[in-house]
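Encoded as structure tokens, the structure appears first; notes follow it.
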Amino acid sequence: MTDGAPLIGITMWRRELPTYASDNTDLYTLGVEYVQSLTDAGAQVVLIPDTDVTGAQRLIGTLDGVVIAGGGDVHPENYGGTPSEAERYDRGRDETEIALIRAARDARLPTLGICRGLQIGVVALGGRLIEDIPTTAQHPRGLTGAELLAWRHDVIVEPESTLAGVVGTRTPVNSIHHQAADVVPDGLRIAAVSEDGVIEAVESSTDWDFLAVQWHPEKMHEPAHRRSLFDHFVSVVRAHAKTASHRSV
């Protein structure tokens, strides 16, 4: 941690997108809202490309916290599911994030998961996913991008959870996902559900500061909601970094 600004790493989404050089340029991508939300909360941010287990362990040793960002589906073979020909999977990202999450758990490094970040967190720790949740009023299909970003539904937060202290016991969120946690592994607990029963947040049941949500707080237009989770996470990271620095002296 430098000058009070904790160093937080964020994973990225590797995709082929059109650029001036090619119609299929291999790129690492990340929504700028992630970085902006963390820097607004007082953090310094570094971006994490794909790496192996050793690389993940080394990275965790240099960071004060880590964010597992949203993106494509986790490969079903990671949790005993069935791959779909309609989906494109990224085994390199799966391997990187699984290694990062396990290394962060072992180091007790504060970790925040967003959408896919919740899903890969559940899988990394031994849980399972619902590969395609049913269409409901809370989880609609067929909307345009703008409609999807504007859509809101309520989640019901466990009163005794860490999350309740951040967003309250009931809060409106967006819905930009078609997968969700099915079996939550040991070491995690359900922190929030939607009215149709879909798990919307999980958090650690141990002394590891891990929190993951299905929605995208960085894409919420409501400043109070967008800031609350990131402000909370950065404050947790800062406190952990100070404690770790004190212990190392």
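Just remember, in the structure tokens the first chain shown is A, the second B, etc., residues are 1-based per chain, and ligands are 1-based in the order shown.
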Give me, as a ChimeraX atom specification, all polymer residues having an atom no more than 10 Å from Thr54 (chain A), counting only C-alpha atoms and skipping those fewer than 4 positions away in the same chain. /A:58-59,96,99-100,103
Saved selection, atoms kept: C-alpha atoms, as an mmCIF file, in the first residue's frame:
data_model
loop_
_atom_site.group_PDB
_atom_site.id
_atom_site.type_symbol
_atom_site.label_atom_id
_atom_site.label_comp_id
_atom_site.auth_asym_id
_atom_site.auth_seq_id
_atom_site.Cartn_x
_atom_site.Cartn_y
_atom_site.Cartn_z
ATOM 1 C CA ARG A 58 3.074 -14.464 -6.876
ATOM 2 C CA LEU A 59 0.526 -11.806 -7.852
ATOM 3 C CA THR A 96 -6.300 -17.962 -13.817
ATOM 4 C CA ALA A 99 -5.852 -20.041 -9.009
ATOM 5 C CA LEU A 100 -6.220 -16.409 -7.878
ATOM 6 C CA ALA A 103 -4.393 -18.195 -3.457
#
Need to verify the contact set: Val67 (chain A), 7 Å, only C-alpha atoms, exclusion of same-chain residues closer than 3 positions in sequence. Can you return it as a list in words? Gly9, Ile10, Thr11, Thr111, Leu112 and Gly113 of chain A
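Using only C-alpha atoms, the protein and nucleic acid residues lying no more than 9 Å from Ile114 (chain A), apart from those fewer than 4 places from it along its own chain, are A:Val67, A:Ile68, A:Ala69, A:Gly70, A:Leu118, A:Gln119, A:Leu211, A:Ala212, A:Val213, A:Gln214, A:Trp215, A:His216, A:Pro217.
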Restricting it to C-alpha atoms, dump the selection as a PDB file, in the first residue's frame.
ATOM      1  CA  VAL A  67     -11.521  -8.115  -7.839  1.00  0.00           C
ATOM      2  CA  ILE A  68     -12.791 -10.970 -10.012  1.00  0.00           C
ATOM      3  CA  ALA A  69     -14.671  -9.176 -12.774  1.00  0.00           C
ATOM      4  CA  GLY A  70     -17.655 -10.147 -14.911  1.00  0.00           C
ATOM      5  CA  LEU A 118     -19.379 -14.921  -7.956  1.00  0.00           C
ATOM      6  CA  GLN A 119     -19.808 -17.903 -10.253  1.00  0.00           C
ATOM      7  CA  LEU A 211     -17.894 -11.036  -0.919  1.00  0.00           C
ATOM      8  CA  ALA A 212     -19.467 -11.691  -4.326  1.00  0.00           C
ATOM      9  CA  VAL A 213     -22.636 -10.367  -5.975  1.00  0.00           C
ATOM     10  CA  GLN A 214     -24.502 -11.393  -9.121  1.00  0.00           C
ATOM     11  CA  TRP A 215     -25.313  -7.839 -10.157  1.00  0.00           C
ATOM     12  CA  HIS A 216     -22.989  -5.218 -11.626  1.00  0.00           C
ATOM     13  CA  PRO A 217     -22.619  -2.371  -9.107  1.00  0.00           C
TER      14      PRO A 217
END
Fewer than 6 positions away in the same chain doesn't count, so skip those; otherwise give me all residues within 12 Å of Gln36 (chain A), counting only C-alpha atoms, as a list in words. Ile10, Leu30, Gly42, Ala43, Gln44, Val45, Pro217, Glu218, Lys219, Arg226, Arg227, Phe230 and Asp231 of chain A
For all heavy atoms, I'd like the residues from the last selection saved as an mmCIF file, in the first residue's frame.
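Output file again.cif is given in full below:
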data_model
loop_
_atom_site.group_PDB
_atom_site.id
_atom_site.type_symbol
_atom_site.label_atom_id
_atom_site.label_comp_id
_atom_site.auth_asym_id
_atom_site.auth_seq_id
_atom_site.Cartn_x
_atom_site.Cartn_y
_atom_site.Cartn_z
ATOM 1 N N ILE A 10 -7.429 -6.423 -10.808
ATOM 2 C CA ILE A 10 -8.709 -6.792 -11.418
ATOM 3 C C ILE A 10 -8.444 -7.716 -12.607
ATOM 4 O O ILE A 10 -7.591 -7.427 -13.454
ATOM 5 C CB ILE A 10 -9.499 -5.573 -11.942
ATOM 6 C CG1 ILE A 10 -9.546 -4.447 -10.913
ATOM 7 C CG2 ILE A 10 -10.912 -5.986 -12.330
ATOM 8 C CD1 ILE A 10 -10.297 -3.224 -11.416
ATOM 9 N N LEU A 30 -11.770 -4.756 -20.309
ATOM 10 C CA LEU A 30 -12.382 -4.520 -19.003
ATOM 11 C C LEU A 30 -13.166 -3.223 -19.073
ATOM 12 O O LEU A 30 -12.667 -2.216 -19.593
ATOM 13 C CB LEU A 30 -11.313 -4.410 -17.908
ATOM 14 C CG LEU A 30 -11.855 -4.189 -16.500
ATOM 15 C CD1 LEU A 30 -12.460 -5.484 -15.946
ATOM 16 C CD2 LEU A 30 -10.763 -3.675 -15.563
ATOM 17 N N GLY A 42 -10.525 5.387 -3.694
ATOM 18 C CA GLY A 42 -9.210 5.623 -3.123
ATOM 19 C C GLY A 42 -8.177 4.553 -3.366
ATOM 20 O O GLY A 42 -7.113 4.558 -2.720
ATOM 21 N N ALA A 43 -8.442 3.634 -4.298
ATOM 22 C CA ALA A 43 -7.496 2.555 -4.569
ATOM 23 C C ALA A 43 -6.630 2.861 -5.784
ATOM 24 O O ALA A 43 -6.969 3.693 -6.623
ATOM 25 C CB ALA A 43 -8.243 1.240 -4.790
ATOM 26 N N GLN A 44 -5.507 2.174 -5.855
ATOM 27 C CA GLN A 44 -4.682 2.117 -7.060
ATOM 28 C C GLN A 44 -4.953 0.779 -7.720
ATOM 29 O O GLN A 44 -5.026 -0.247 -7.027
ATOM 30 C CB GLN A 44 -3.205 2.269 -6.718
ATOM 31 C CG GLN A 44 -2.280 2.286 -7.920
ATOM 32 C CD GLN A 44 -0.823 2.492 -7.521
ATOM 33 O OE1 GLN A 44 -0.519 2.741 -6.364
ATOM 34 N NE2 GLN A 44 0.069 2.368 -8.493
ATOM 35 N N VAL A 45 -5.095 0.761 -9.041
ATOM 36 C CA VAL A 45 -5.561 -0.438 -9.735
ATOM 37 C C VAL A 45 -4.512 -0.959 -10.707
ATOM 38 O O VAL A 45 -3.860 -0.178 -11.412
ATOM 39 C CB VAL A 45 -6.872 -0.145 -10.499
ATOM 40 C CG1 VAL A 45 -7.321 -1.352 -11.301
ATOM 41 C CG2 VAL A 45 -7.966 0.271 -9.520
ATOM 42 N N PRO A 217 -22.527 -3.675 -9.766
ATOM 43 C CA PRO A 217 -22.619 -2.371 -9.107
ATOM 44 C C PRO A 217 -21.938 -1.264 -9.897
ATOM 45 O O PRO A 217 -22.352 -0.101 -9.837
ATOM 46 C CB PRO A 217 -21.933 -2.605 -7.758
ATOM 47 C CG PRO A 217 -21.056 -3.799 -7.971
ATOM 48 C CD PRO A 217 -21.787 -4.653 -8.953
ATOM 49 N N GLU A 218 -20.898 -1.617 -10.650
ATOM 50 C CA GLU A 218 -20.184 -0.591 -11.430
ATOM 51 C C GLU A 218 -21.034 -0.025 -12.552
ATOM 52 O O GLU A 218 -20.735 1.056 -13.080
ATOM 53 C CB GLU A 218 -18.868 -1.168 -11.978
ATOM 54 C CG GLU A 218 -18.965 -1.987 -13.244
ATOM 55 C CD GLU A 218 -19.550 -3.385 -13.060
ATOM 56 O OE1 GLU A 218 -19.864 -3.760 -11.913
ATOM 57 O OE2 GLU A 218 -19.670 -4.105 -14.056
ATOM 58 N N LYS A 219 -22.097 -0.724 -12.920
ATOM 59 C CA LYS A 219 -22.983 -0.263 -13.987
ATOM 60 C C LYS A 219 -24.289 0.344 -13.453
ATOM 61 O O LYS A 219 -25.160 0.706 -14.233
ATOM 62 C CB LYS A 219 -23.305 -1.407 -14.952
ATOM 63 C CG LYS A 219 -22.086 -1.904 -15.721
ATOM 64 C CD LYS A 219 -22.472 -2.921 -16.769
ATOM 65 C CE LYS A 219 -21.239 -3.413 -17.526
ATOM 66 N NZ LYS A 219 -20.568 -2.335 -18.272
ATOM 67 N N ARG A 226 -23.817 2.354 -6.397
ATOM 68 C CA ARG A 226 -22.573 2.042 -7.098
ATOM 69 C C ARG A 226 -21.370 2.213 -6.178
ATOM 70 O O ARG A 226 -20.453 1.403 -6.167
ATOM 71 C CB ARG A 226 -22.430 2.947 -8.321
ATOM 72 C CG ARG A 226 -21.227 2.596 -9.197
ATOM 73 C CD ARG A 226 -21.159 3.465 -10.429
ATOM 74 N NE ARG A 226 -20.798 4.830 -10.114
ATOM 75 C CZ ARG A 226 -21.606 5.879 -10.225
ATOM 76 N NH1 ARG A 226 -22.848 5.715 -10.632
ATOM 77 N NH2 ARG A 226 -21.192 7.091 -9.918
ATOM 78 N N ARG A 227 -21.385 3.269 -5.378
ATOM 79 C CA ARG A 227 -20.246 3.563 -4.524
ATOM 80 C C ARG A 227 -20.194 2.674 -3.285
ATOM 81 O O ARG A 227 -19.106 2.390 -2.778
ATOM 82 C CB ARG A 227 -20.292 5.032 -4.089
ATOM 83 C CG ARG A 227 -19.973 6.033 -5.177
ATOM 84 C CD ARG A 227 -18.537 5.953 -5.642
ATOM 85 N NE ARG A 227 -17.597 6.180 -4.556
ATOM 86 C CZ ARG A 227 -17.177 7.388 -4.191
ATOM 87 N NH1 ARG A 227 -17.598 8.463 -4.814
ATOM 88 N NH2 ARG A 227 -16.299 7.506 -3.200
ATOM 89 N N PHE A 230 -18.064 -0.625 -3.521
ATOM 90 C CA PHE A 230 -16.648 -0.373 -3.775
ATOM 91 C C PHE A 230 -16.004 0.379 -2.613
ATOM 92 O O PHE A 230 -14.855 0.099 -2.243
ATOM 93 C CB PHE A 230 -16.480 0.390 -5.093
ATOM 94 C CG PHE A 230 -16.789 -0.444 -6.297
ATOM 95 C CD1 PHE A 230 -17.997 -0.307 -6.969
ATOM 96 C CD2 PHE A 230 -15.887 -1.387 -6.753
ATOM 97 C CE1 PHE A 230 -18.292 -1.094 -8.071
ATOM 98 C CE2 PHE A 230 -16.170 -2.184 -7.853
ATOM 99 C CZ PHE A 230 -17.378 -2.030 -8.516
ATOM 100 N N ASP A 231 -16.727 1.333 -2.025
ATOM 101 C CA ASP A 231 -16.192 2.029 -0.851
ATOM 102 C C ASP A 231 -15.958 1.041 0.291
ATOM 103 O O ASP A 231 -14.928 1.100 0.981
ATOM 104 C CB ASP A 231 -17.162 3.120 -0.391
ATOM 105 C CG ASP A 231 -17.140 4.353 -1.288
ATOM 106 O OD1 ASP A 231 -16.249 4.444 -2.160
ATOM 107 O OD2 ASP A 231 -18.009 5.217 -1.113
#
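Between Arg15 (chain A) and the residues A:Asp132, A:Asp64, A:Glu33, A:Asp90, the shortest atom-to-atom distance, using only C-alpha atoms, involves A:Asp90.
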Backbone-only DSSP, strand (DSSP E or B) members of region 18-159 of chain A, as a PyMOL selection string: chain A and resi 25-29+44-48+65-68+111-114+128-130+153-157
Could you write out the selected residues, including N, CA and C atoms, as a compact mmCIF listing (two decimals), in the first residue's frame?
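The file below, result30.txt, is the result:
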# COMPACT_ATOMS: atom_id res chain seq x y z
N THR A 25 -9.16 -9.03 -33.53
CA THR A 25 -7.96 -8.74 -32.76
C THR A 25 -8.09 -9.34 -31.37
N ASP A 26 -7.08 -10.08 -30.95
CA ASP A 26 -7.08 -10.72 -29.63
C ASP A 26 -6.77 -9.67 -28.58
N LEU A 27 -7.74 -9.38 -27.70
CA LEU A 27 -7.60 -8.29 -26.74
C LEU A 27 -7.97 -8.73 -25.33
N TYR A 28 -7.30 -8.14 -24.35
CA TYR A 28 -7.79 -8.19 -22.98
C TYR A 28 -8.68 -6.96 -22.79
N THR A 29 -9.88 -7.15 -22.24
CA THR A 29 -10.81 -6.04 -22.10
C THR A 29 -11.34 -5.96 -20.67
N GLN A 44 -5.51 2.17 -5.86
CA GLN A 44 -4.68 2.12 -7.06
C GLN A 44 -4.95 0.78 -7.72
N VAL A 45 -5.09 0.76 -9.04
CA VAL A 45 -5.56 -0.44 -9.73
C VAL A 45 -4.51 -0.96 -10.71
N VAL A 46 -4.36 -2.29 -10.74
CA VAL A 46 -3.57 -2.95 -11.77
C VAL A 46 -4.45 -4.01 -12.42
N LEU A 47 -4.22 -4.26 -13.70
CA LEU A 47 -5.02 -5.23 -14.45
C LEU A 47 -4.28 -6.55 -14.56
N ILE A 48 -5.01 -7.64 -14.40
CA ILE A 48 -4.40 -8.97 -14.33
C ILE A 48 -4.73 -9.77 -15.60
N GLY A 65 -5.58 -6.41 -2.45
CA GLY A 65 -6.91 -6.95 -2.67
C GLY A 65 -7.08 -7.33 -4.12
N VAL A 66 -8.12 -8.10 -4.42
CA VAL A 66 -8.34 -8.54 -5.79
C VAL A 66 -9.84 -8.53 -6.11
N VAL A 67 -10.15 -8.11 -7.33
CA VAL A 67 -11.52 -8.12 -7.84
C VAL A 67 -11.59 -9.10 -8.99
N ILE A 68 -12.55 -10.04 -8.92
CA ILE A 68 -12.79 -10.97 -10.01
C ILE A 68 -13.97 -10.40 -10.80
N THR A 111 -11.24 -10.15 -1.19
CA THR A 111 -11.61 -10.46 -2.58
C THR A 111 -13.06 -10.07 -2.81
N LEU A 112 -13.31 -9.42 -3.95
CA LEU A 112 -14.65 -9.03 -4.37
C LEU A 112 -14.95 -9.69 -5.71
N GLY A 113 -16.06 -10.40 -5.81
CA GLY A 113 -16.48 -11.01 -7.06
C GLY A 113 -17.71 -10.32 -7.61
N ILE A 114 -17.73 -10.09 -8.92
CA ILE A 114 -18.86 -9.44 -9.56
C ILE A 114 -19.36 -10.32 -10.71
N ARG A 128 -21.30 -25.64 -7.29
CA ARG A 128 -21.85 -25.87 -8.63
C ARG A 128 -22.72 -24.69 -9.06
N LEU A 129 -22.93 -24.61 -10.38
CA LEU A 129 -23.73 -23.53 -10.95
C LEU A 129 -25.00 -24.04 -11.60
N ILE A 130 -26.01 -23.18 -11.68
CA ILE A 130 -27.13 -23.37 -12.60
C ILE A 130 -26.67 -22.82 -13.94
N HIS A 153 -34.48 -5.17 -10.22
CA HIS A 153 -35.32 -6.02 -9.40
C HIS A 153 -34.74 -6.04 -7.99
N ASP A 154 -35.55 -6.34 -7.01
CA ASP A 154 -35.09 -6.32 -5.63
C ASP A 154 -34.38 -7.61 -5.26
N VAL A 155 -33.37 -7.49 -4.41
CA VAL A 155 -32.79 -8.66 -3.76
C VAL A 155 -33.03 -8.54 -2.26
N ILE A 156 -33.21 -9.68 -1.64
CA ILE A 156 -33.47 -9.76 -0.20
C ILE A 156 -32.18 -10.21 0.47
N VAL A 157 -31.64 -9.38 1.35
CA VAL A 157 -30.33 -9.60 1.94
C VAL A 157 -30.48 -10.17 3.34
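Residues in contact with Ala244 (chain A) at up to 12 Å, not including ones fewer than 4 positions away on its chain and judged by only C-alpha atoms, are Met1, Gly61, Leu63, Asp64, Gly65, Ala107, Arg108, Leu109, Pro110, Val237, Arg238, Ala239, His240, Ser248 and Val249 of chain A.
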Do you know which residues are at most 12 Å from Thr171 (chain A) counting only C-alpha atoms, after dropping those on the same chain fewer than 2 positions away, and could you put them as a list in words? Arg152, His153, Asp154, Val155, Ile156, Val157, Glu158, Leu163, Ala164, Gly165, Val166, Val167, Gly168, Thr169, Val173, Asn174, Ala192, Val193, Ser194, Glu195, Glu200, Trp215, Pro217, Glu222, Ala224, His225, Arg226 and Ser228 of chain A
Can you check which residues of region 83-206 of chain A DSSP gives as helix (DSSP H, G or I) on the backbone and send them as a ChimeraX atom specification? /A:91-107,116-124,145-150,164-167
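Nearest residue to Ala56 (chain A), choosing from A:Ala41, A:Leu125, A:Ile98, A:Ile133 and counting only C-alpha atoms: A:Ile98.
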List the spatial neighbours of Thr135 (chain A) as a VMD selection string - criterion: any atom at most 10 Å away, only C-alpha atoms, same-chain residues fewer than 6 positions off excluded. chain A and resid 141 to 142 178
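Each of A:Ile190, A:Leu38, A:Val184, A:Ile120 was compared to Leu229 (chain A) using only C-alpha atoms, and A:Leu38 turns out to be the nearest.
Across the structure, CA of Ala191 (chain A) and CA of Glu160 (chain A) are spaced 8.6 Å apart.
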